[in-house]
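Next comes input-v7.txt, with compact mmCIF, N, CA and C atoms.
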# COMPACT_ATOMS: atom_id res chain seq x y z
N MET X 288 0.84 -1.18 0.00
CA MET X 288 0.00 0.00 0.00
C MET X 288 0.89 1.24 0.00
N LEU X 289 0.58 2.21 -0.85
CA LEU X 289 1.38 3.42 -0.95
C LEU X 289 1.05 4.37 0.17
N SER X 290 2.07 5.05 0.69
CA SER X 290 1.81 6.07 1.69
C SER X 290 1.15 7.26 1.00
N THR X 291 0.54 8.14 1.78
CA THR X 291 -0.12 9.32 1.22
C THR X 291 0.87 10.18 0.45
N THR X 292 2.07 10.36 0.98
CA THR X 292 3.07 11.20 0.32
C THR X 292 3.46 10.61 -1.02
N ILE X 293 3.75 9.32 -1.06
CA ILE X 293 4.14 8.68 -2.31
C ILE X 293 2.96 8.69 -3.27
N HIS X 294 1.77 8.41 -2.79
CA HIS X 294 0.58 8.41 -3.65
C HIS X 294 0.37 9.79 -4.26
N SER X 295 0.52 10.85 -3.44
CA SER X 295 0.33 12.21 -3.95
C SER X 295 1.36 12.52 -5.04
N ARG X 296 2.61 12.15 -4.81
CA ARG X 296 3.66 12.41 -5.80
C ARG X 296 3.38 11.61 -7.07
N PHE X 297 2.97 10.36 -6.92
CA PHE X 297 2.68 9.50 -8.07
C PHE X 297 1.56 10.09 -8.92
N THR X 298 0.47 10.47 -8.30
CA THR X 298 -0.65 10.98 -9.07
C THR X 298 -0.31 12.32 -9.71
N ASN X 299 0.45 13.18 -9.02
CA ASN X 299 0.85 14.44 -9.63
C ASN X 299 1.77 14.19 -10.82
N LEU X 300 2.68 13.23 -10.70
CA LEU X 300 3.61 12.91 -11.77
C LEU X 300 2.86 12.52 -13.04
N TRP X 301 1.75 11.79 -12.89
CA TRP X 301 1.00 11.31 -14.04
C TRP X 301 -0.12 12.26 -14.44
N GLY X 302 -0.22 13.41 -13.80
CA GLY X 302 -1.18 14.42 -14.21
C GLY X 302 -2.62 14.18 -13.78
N CYS X 303 -2.84 13.27 -12.88
CA CYS X 303 -4.20 13.01 -12.43
C CYS X 303 -4.67 14.05 -11.42
N TYR X 304 -3.76 14.60 -10.66
CA TYR X 304 -4.08 15.58 -9.65
C TYR X 304 -3.16 16.77 -9.83
N MET X 305 -3.64 17.94 -9.44
CA MET X 305 -2.80 19.12 -9.46
C MET X 305 -3.02 19.85 -8.14
N ARG X 306 -1.94 20.03 -7.37
CA ARG X 306 -2.06 20.80 -6.14
C ARG X 306 -2.27 22.25 -6.54
N MET X 307 -3.28 22.85 -5.96
CA MET X 307 -3.63 24.23 -6.28
C MET X 307 -3.60 25.10 -5.03
N MET X 308 -3.28 26.37 -5.26
CA MET X 308 -3.47 27.37 -4.23
C MET X 308 -4.62 28.25 -4.71
N MET X 309 -5.63 28.38 -3.90
CA MET X 309 -6.74 29.26 -4.24
C MET X 309 -6.75 30.42 -3.25
N LYS X 310 -6.67 31.61 -3.80
CA LYS X 310 -6.76 32.84 -3.00
C LYS X 310 -8.17 33.39 -3.17
N VAL X 311 -8.85 33.60 -2.05
CA VAL X 311 -10.20 34.15 -2.06
C VAL X 311 -10.16 35.49 -1.36
N SER X 312 -10.54 36.56 -2.07
CA SER X 312 -10.58 37.91 -1.49
C SER X 312 -12.03 38.37 -1.43
N ILE X 313 -12.45 38.77 -0.23
CA ILE X 313 -13.84 39.13 0.01
C ILE X 313 -13.93 40.62 0.31
N PRO X 314 -14.69 41.37 -0.49
CA PRO X 314 -14.86 42.80 -0.22
C PRO X 314 -15.45 43.04 1.17
N VAL X 315 -15.10 44.16 1.78
CA VAL X 315 -15.50 44.44 3.16
C VAL X 315 -17.02 44.36 3.35
N GLU X 316 -17.79 45.03 2.51
CA GLU X 316 -19.25 45.05 2.69
C GLU X 316 -19.84 43.65 2.59
N ALA X 317 -19.43 42.91 1.58
CA ALA X 317 -19.95 41.55 1.40
C ALA X 317 -19.50 40.65 2.55
N GLY X 318 -18.26 40.85 3.03
CA GLY X 318 -17.77 40.07 4.16
C GLY X 318 -18.54 40.38 5.44
N ASN X 319 -18.82 41.66 5.67
CA ASN X 319 -19.60 42.04 6.86
C ASN X 319 -20.98 41.39 6.82
N LYS X 320 -21.62 41.46 5.66
CA LYS X 320 -22.94 40.84 5.49
C LYS X 320 -22.84 39.32 5.69
N GLY X 321 -21.78 38.72 5.14
CA GLY X 321 -21.58 37.28 5.26
C GLY X 321 -21.37 36.83 6.70
N VAL X 322 -20.70 37.66 7.50
CA VAL X 322 -20.51 37.34 8.91
C VAL X 322 -21.84 37.45 9.64
N LYS X 323 -22.57 38.54 9.41
CA LYS X 323 -23.85 38.77 10.10
C LYS X 323 -24.88 37.71 9.75
N GLU X 324 -24.93 37.32 8.48
CA GLU X 324 -25.95 36.36 8.03
C GLU X 324 -25.48 34.90 8.10
N GLY X 325 -24.20 34.69 8.37
CA GLY X 325 -23.67 33.33 8.49
C GLY X 325 -23.24 32.70 7.18
N THR X 326 -23.33 33.45 6.07
CA THR X 326 -22.94 32.86 4.78
C THR X 326 -21.43 32.73 4.62
N LEU X 327 -20.66 33.57 5.30
CA LEU X 327 -19.20 33.46 5.18
C LEU X 327 -18.71 32.13 5.76
N PRO X 328 -18.99 31.82 7.03
CA PRO X 328 -18.52 30.51 7.52
C PRO X 328 -19.16 29.33 6.80
N LYS X 329 -20.42 29.47 6.42
CA LYS X 329 -21.11 28.37 5.71
C LYS X 329 -20.42 28.10 4.37
N THR X 330 -20.05 29.15 3.66
CA THR X 330 -19.39 28.99 2.36
C THR X 330 -18.01 28.37 2.52
N VAL X 331 -17.25 28.84 3.49
CA VAL X 331 -15.91 28.29 3.73
C VAL X 331 -15.99 26.83 4.15
N ILE X 332 -16.87 26.53 5.08
CA ILE X 332 -17.00 25.15 5.56
C ILE X 332 -17.47 24.23 4.43
N GLY X 333 -18.38 24.71 3.58
CA GLY X 333 -18.82 23.91 2.45
C GLY X 333 -17.67 23.56 1.52
N PHE X 334 -16.80 24.55 1.25
CA PHE X 334 -15.63 24.29 0.41
C PHE X 334 -14.71 23.27 1.08
N VAL X 335 -14.44 23.47 2.36
CA VAL X 335 -13.53 22.57 3.10
C VAL X 335 -14.07 21.14 3.11
N GLU X 336 -15.36 20.98 3.33
CA GLU X 336 -15.93 19.63 3.35
C GLU X 336 -15.87 18.98 1.97
N LEU X 337 -16.04 19.78 0.92
CA LEU X 337 -16.02 19.24 -0.44
C LEU X 337 -14.61 18.89 -0.91
N MET X 338 -13.66 19.80 -0.72
CA MET X 338 -12.32 19.64 -1.30
C MET X 338 -11.28 19.12 -0.33
N LYS X 339 -11.55 19.15 0.96
CA LYS X 339 -10.63 18.64 1.98
C LYS X 339 -9.20 19.18 1.77
N PRO X 340 -9.04 20.51 1.82
CA PRO X 340 -7.72 21.10 1.58
C PRO X 340 -6.70 20.65 2.61
N GLU X 341 -5.43 20.60 2.17
CA GLU X 341 -4.36 20.25 3.11
C GLU X 341 -3.99 21.43 3.99
N GLY X 342 -4.37 22.63 3.59
CA GLY X 342 -4.10 23.82 4.40
C GLY X 342 -5.10 24.91 4.11
N CYS X 343 -5.51 25.63 5.17
CA CYS X 343 -6.41 26.78 5.06
C CYS X 343 -5.83 27.89 5.92
N TYR X 344 -5.63 29.06 5.33
CA TYR X 344 -5.05 30.18 6.06
C TYR X 344 -5.89 31.41 5.81
N PHE X 345 -6.10 32.21 6.86
CA PHE X 345 -6.97 33.37 6.78
C PHE X 345 -6.21 34.60 7.26
N THR X 346 -6.34 35.70 6.52
CA THR X 346 -5.62 36.92 6.82
C THR X 346 -6.37 38.09 6.20
N THR X 347 -5.75 39.25 6.20
CA THR X 347 -6.27 40.38 5.44
C THR X 347 -5.22 40.77 4.42
N GLU X 348 -5.69 41.21 3.28
CA GLU X 348 -4.79 41.68 2.23
C GLU X 348 -5.50 42.82 1.51
N GLY X 349 -4.85 43.97 1.44
CA GLY X 349 -5.48 45.12 0.78
C GLY X 349 -6.78 45.53 1.44
N GLY X 350 -6.90 45.31 2.75
CA GLY X 350 -8.10 45.68 3.47
C GLY X 350 -9.27 44.72 3.31
N LYS X 351 -9.06 43.60 2.64
CA LYS X 351 -10.12 42.62 2.42
C LYS X 351 -9.85 41.35 3.23
N ARG X 352 -10.91 40.69 3.64
CA ARG X 352 -10.77 39.36 4.22
C ARG X 352 -10.23 38.47 3.11
N THR X 353 -9.18 37.72 3.42
CA THR X 353 -8.52 36.91 2.40
C THR X 353 -8.24 35.53 2.97
N ALA X 354 -8.48 34.52 2.14
CA ALA X 354 -8.22 33.13 2.52
C ALA X 354 -7.32 32.50 1.46
N PHE X 355 -6.44 31.63 1.91
CA PHE X 355 -5.61 30.82 1.03
C PHE X 355 -5.89 29.36 1.35
N PHE X 356 -6.25 28.62 0.31
CA PHE X 356 -6.53 27.20 0.46
C PHE X 356 -5.57 26.42 -0.45
N PHE X 357 -5.03 25.32 0.06
CA PHE X 357 -4.15 24.44 -0.71
C PHE X 357 -4.83 23.08 -0.79
N PHE X 358 -5.08 22.63 -2.02
CA PHE X 358 -5.85 21.39 -2.20
C PHE X 358 -5.47 20.75 -3.52
N ASP X 359 -5.80 19.46 -3.65
CA ASP X 359 -5.59 18.73 -4.90
C ASP X 359 -6.82 18.88 -5.77
N LEU X 360 -6.62 19.37 -6.98
CA LEU X 360 -7.69 19.48 -7.96
C LEU X 360 -7.64 18.23 -8.83
N LYS X 361 -8.64 17.37 -8.68
CA LYS X 361 -8.66 16.10 -9.40
C LYS X 361 -9.22 16.25 -10.80
N ASP X 362 -10.05 17.28 -11.00
CA ASP X 362 -10.74 17.44 -12.28
C ASP X 362 -10.99 18.92 -12.50
N PRO X 363 -10.47 19.50 -13.58
CA PRO X 363 -10.67 20.94 -13.80
C PRO X 363 -12.13 21.34 -13.95
N THR X 364 -13.01 20.40 -14.26
CA THR X 364 -14.42 20.75 -14.35
C THR X 364 -15.01 21.05 -12.97
N MET X 365 -14.24 20.82 -11.91
CA MET X 365 -14.68 21.16 -10.55
C MET X 365 -14.52 22.65 -10.26
N ILE X 366 -13.80 23.38 -11.09
CA ILE X 366 -13.53 24.79 -10.81
C ILE X 366 -14.81 25.60 -10.60
N PRO X 367 -15.82 25.50 -11.47
CA PRO X 367 -17.05 26.25 -11.19
C PRO X 367 -17.72 25.85 -9.87
N THR X 368 -17.72 24.56 -9.58
CA THR X 368 -18.31 24.09 -8.33
C THR X 368 -17.60 24.67 -7.13
N ILE X 369 -16.29 24.82 -7.24
CA ILE X 369 -15.48 25.39 -6.16
C ILE X 369 -15.68 26.90 -6.06
N ALA X 370 -15.64 27.58 -7.19
CA ALA X 370 -15.61 29.04 -7.20
C ALA X 370 -16.98 29.70 -7.03
N GLU X 371 -18.02 29.16 -7.65
CA GLU X 371 -19.31 29.84 -7.67
C GLU X 371 -19.87 30.19 -6.30
N PRO X 372 -19.78 29.30 -5.29
CA PRO X 372 -20.30 29.71 -3.97
C PRO X 372 -19.61 30.96 -3.41
N PHE X 373 -18.30 31.08 -3.64
CA PHE X 373 -17.59 32.28 -3.18
C PHE X 373 -18.03 33.51 -3.98
N PHE X 374 -18.20 33.36 -5.29
CA PHE X 374 -18.68 34.46 -6.12
C PHE X 374 -20.09 34.88 -5.70
N MET X 375 -21.00 33.93 -5.65
CA MET X 375 -22.41 34.24 -5.43
C MET X 375 -22.71 34.65 -3.99
N ASN X 376 -22.12 33.97 -3.02
CA ASN X 376 -22.45 34.23 -1.62
C ASN X 376 -21.68 35.41 -1.02
N LEU X 377 -20.47 35.67 -1.53
CA LEU X 377 -19.60 36.65 -0.87
C LEU X 377 -19.04 37.70 -1.81
N ASN X 378 -19.45 37.69 -3.06
CA ASN X 378 -18.93 38.64 -4.05
C ASN X 378 -17.40 38.62 -4.09
N ALA X 379 -16.83 37.45 -3.86
CA ALA X 379 -15.37 37.30 -3.75
C ALA X 379 -14.70 37.26 -5.12
N SER X 380 -13.43 37.64 -5.12
CA SER X 380 -12.59 37.39 -6.30
C SER X 380 -11.72 36.19 -5.95
N ILE X 381 -11.40 35.43 -6.98
CA ILE X 381 -10.65 34.18 -6.77
C ILE X 381 -9.50 34.10 -7.74
N GLU X 382 -8.36 33.63 -7.24
CA GLU X 382 -7.21 33.33 -8.07
C GLU X 382 -6.81 31.89 -7.80
N LEU X 383 -6.65 31.12 -8.85
CA LEU X 383 -6.20 29.73 -8.75
C LEU X 383 -4.83 29.61 -9.39
N SER X 384 -3.91 28.99 -8.68
CA SER X 384 -2.55 28.81 -9.20
C SER X 384 -2.05 27.42 -8.83
N PRO X 385 -1.34 26.76 -9.75
CA PRO X 385 -0.68 25.51 -9.37
C PRO X 385 0.35 25.82 -8.28
N ALA X 386 0.53 24.89 -7.36
CA ALA X 386 1.47 25.11 -6.25
C ALA X 386 2.23 23.82 -5.97
N MET X 387 3.44 24.00 -5.44
CA MET X 387 4.27 22.85 -5.06
C MET X 387 4.58 22.93 -3.58
N ASN X 388 4.72 21.77 -2.96
CA ASN X 388 5.27 21.74 -1.61
C ASN X 388 6.78 21.52 -1.75
N LEU X 389 7.49 21.40 -0.64
CA LEU X 389 8.95 21.27 -0.69
C LEU X 389 9.38 20.02 -1.46
N GLU X 390 8.69 18.90 -1.23
CA GLU X 390 9.03 17.66 -1.95
C GLU X 390 8.86 17.83 -3.46
N ASP X 391 7.76 18.46 -3.86
CA ASP X 391 7.51 18.69 -5.28
C ASP X 391 8.59 19.57 -5.90
N MET X 392 8.96 20.63 -5.18
CA MET X 392 9.98 21.55 -5.69
C MET X 392 11.32 20.83 -5.86
N LYS X 393 11.70 20.03 -4.85
CA LYS X 393 12.96 19.28 -4.95
C LYS X 393 12.94 18.34 -6.16
N ALA X 394 11.86 17.60 -6.32
CA ALA X 394 11.75 16.66 -7.45
C ALA X 394 11.76 17.41 -8.77
N GLY X 395 11.09 18.54 -8.84
CA GLY X 395 11.04 19.33 -10.06
C GLY X 395 12.38 19.91 -10.44
N VAL X 396 13.12 20.42 -9.47
CA VAL X 396 14.45 20.98 -9.74
C VAL X 396 15.39 19.86 -10.18
N GLU X 397 15.30 18.72 -9.50
CA GLU X 397 16.14 17.57 -9.89
C GLU X 397 15.86 17.16 -11.33
N LYS X 398 14.59 17.10 -11.70
CA LYS X 398 14.20 16.74 -13.05
C LYS X 398 14.68 17.79 -14.06
N ALA X 399 14.55 19.06 -13.71
CA ALA X 399 14.98 20.15 -14.60
C ALA X 399 16.48 20.11 -14.81
N MET X 400 17.23 19.78 -13.77
CA MET X 400 18.70 19.74 -13.89
C MET X 400 19.14 18.63 -14.85
N LYS X 401 18.38 17.53 -14.91
CA LYS X 401 18.71 16.44 -15.82
C LYS X 401 18.50 16.84 -17.27
N HIS X 402 17.59 17.78 -17.50
CA HIS X 402 17.27 18.21 -18.87
C HIS X 402 17.95 19.51 -19.25
N ALA X 403 18.72 20.08 -18.33
CA ALA X 403 19.39 21.38 -18.61
C ALA X 403 20.66 21.17 -19.40
Once more with this new file: its structure as structure tokens, please.
Amino acid sequence: MLSTTIHSRFTNLWGCYMRMMMKVSIPVEAGNKGVKEGTLPKTVIGFVELMKPEGCYFTTEGGKRTAFFFFDLKDPTMIPTIAEPFFMNLNASIELSPAMNLEDMKAGVEKAMKHA
């Protein structure tokens, strides 16, 4: 049986999964309304239960409530399912970017050096 780390590296290597970083920025007015009405935590918890991110971080950036989520995207057709609740419930802007952890970066640099 493969360990989670080896399984994650194996599936990423073959393109079945892509680790993503999703940045969610929520405008102040929409965030205030979301806190008062409960849609902000409901939307975040819904995403977390669906995608089971390996990391969730919350901060402010540019005066907006901002969240960073790190998760494996198994199917790009999931992007609307992931993004729409943040758009519709919180008027949020979203940025999705591929991301690597330390193991991925080491493996990628090693691979690049072989082809350089």
- request: Write out as a ChimeraX atom specification all residues of chain X that backbone DSSP assigns to helix (DSSP H, G or I).
  value: /X:291-300,315-324,326-338,363-377,389-402
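For region 384-401 of chain X, the non-local neighbours within 6 Å, defined as residues at least 5 positions apart in the same chain or in other chains and counting all atoms listed in the file, are Arg306, Met307, Met308 and Met309 of chain X.
Note that atom C of Asp359 (chain X) and CA of Gly333 (chain X) are 15.4 Å apart.
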Members of region 356-386 of chain X assigned strand (DSSP E) by DSSP, as a PyMOL selection string: chain X and resi 356-360+380-385
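Note that CA of Arg352 (chain X) and atom N of Lys310 (chain X) are 11.9 Å apart.
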- prompt: Given the choices X:Ser312, X:Thr353, X:Thr347, X:Thr368, which gets closest to Phe334 (chain X) if the distance is worked out from only C-alpha atoms?
  reply: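 That would be X:Thr368, the residue with the smallest distance to Phe334 (chain X).
Ranking X:Pro340, X:Pro328, X:Gly350, X:Pro363 by their shortest atom-to-atom distance to Pro314 (chain X), with all atoms listed in the file included, puts X:Gly350 first.
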query: Between atom N of Glu371 (chain X) and CA of Tyr304 (chain X), what is the spacing in Å?
result: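 For CA of Tyr304 (chain X) relative to atom N of Glu371 (chain X), the distance reads 19.6 Å.
Minimum atom-to-atom distance to Gly318 (chain X), evaluated using only C-alpha atoms, belongs to X:Val331 out of X:Thr364, X:Met305, X:Val331, X:Phe356.
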Box along x, y and z, 6 Å on every side, all listed atoms of region 400-403 of chain X inside: centre and edge lengths in Å to one decimal, as AutoDock Vina command-line options.
--center_x 18.9 --center_y 18.9 --center_z -16.6 --size_x 15.4 --size_y 16.9 --size_z 17.6
query: Taking into account only C-alpha atoms, which residue in the set X:Phe374, X:Ala317, X:Ser380, X:Asp362 is nearest to Met338 (chain X)?
result: X:Asp362
- request: Could you check which of X:Lys351, X:Lys361, X:His402, X:Lys339 is closest to Val315 (chain X), using only C-alpha atoms?
  value: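 Closest candidate: X:Lys351.
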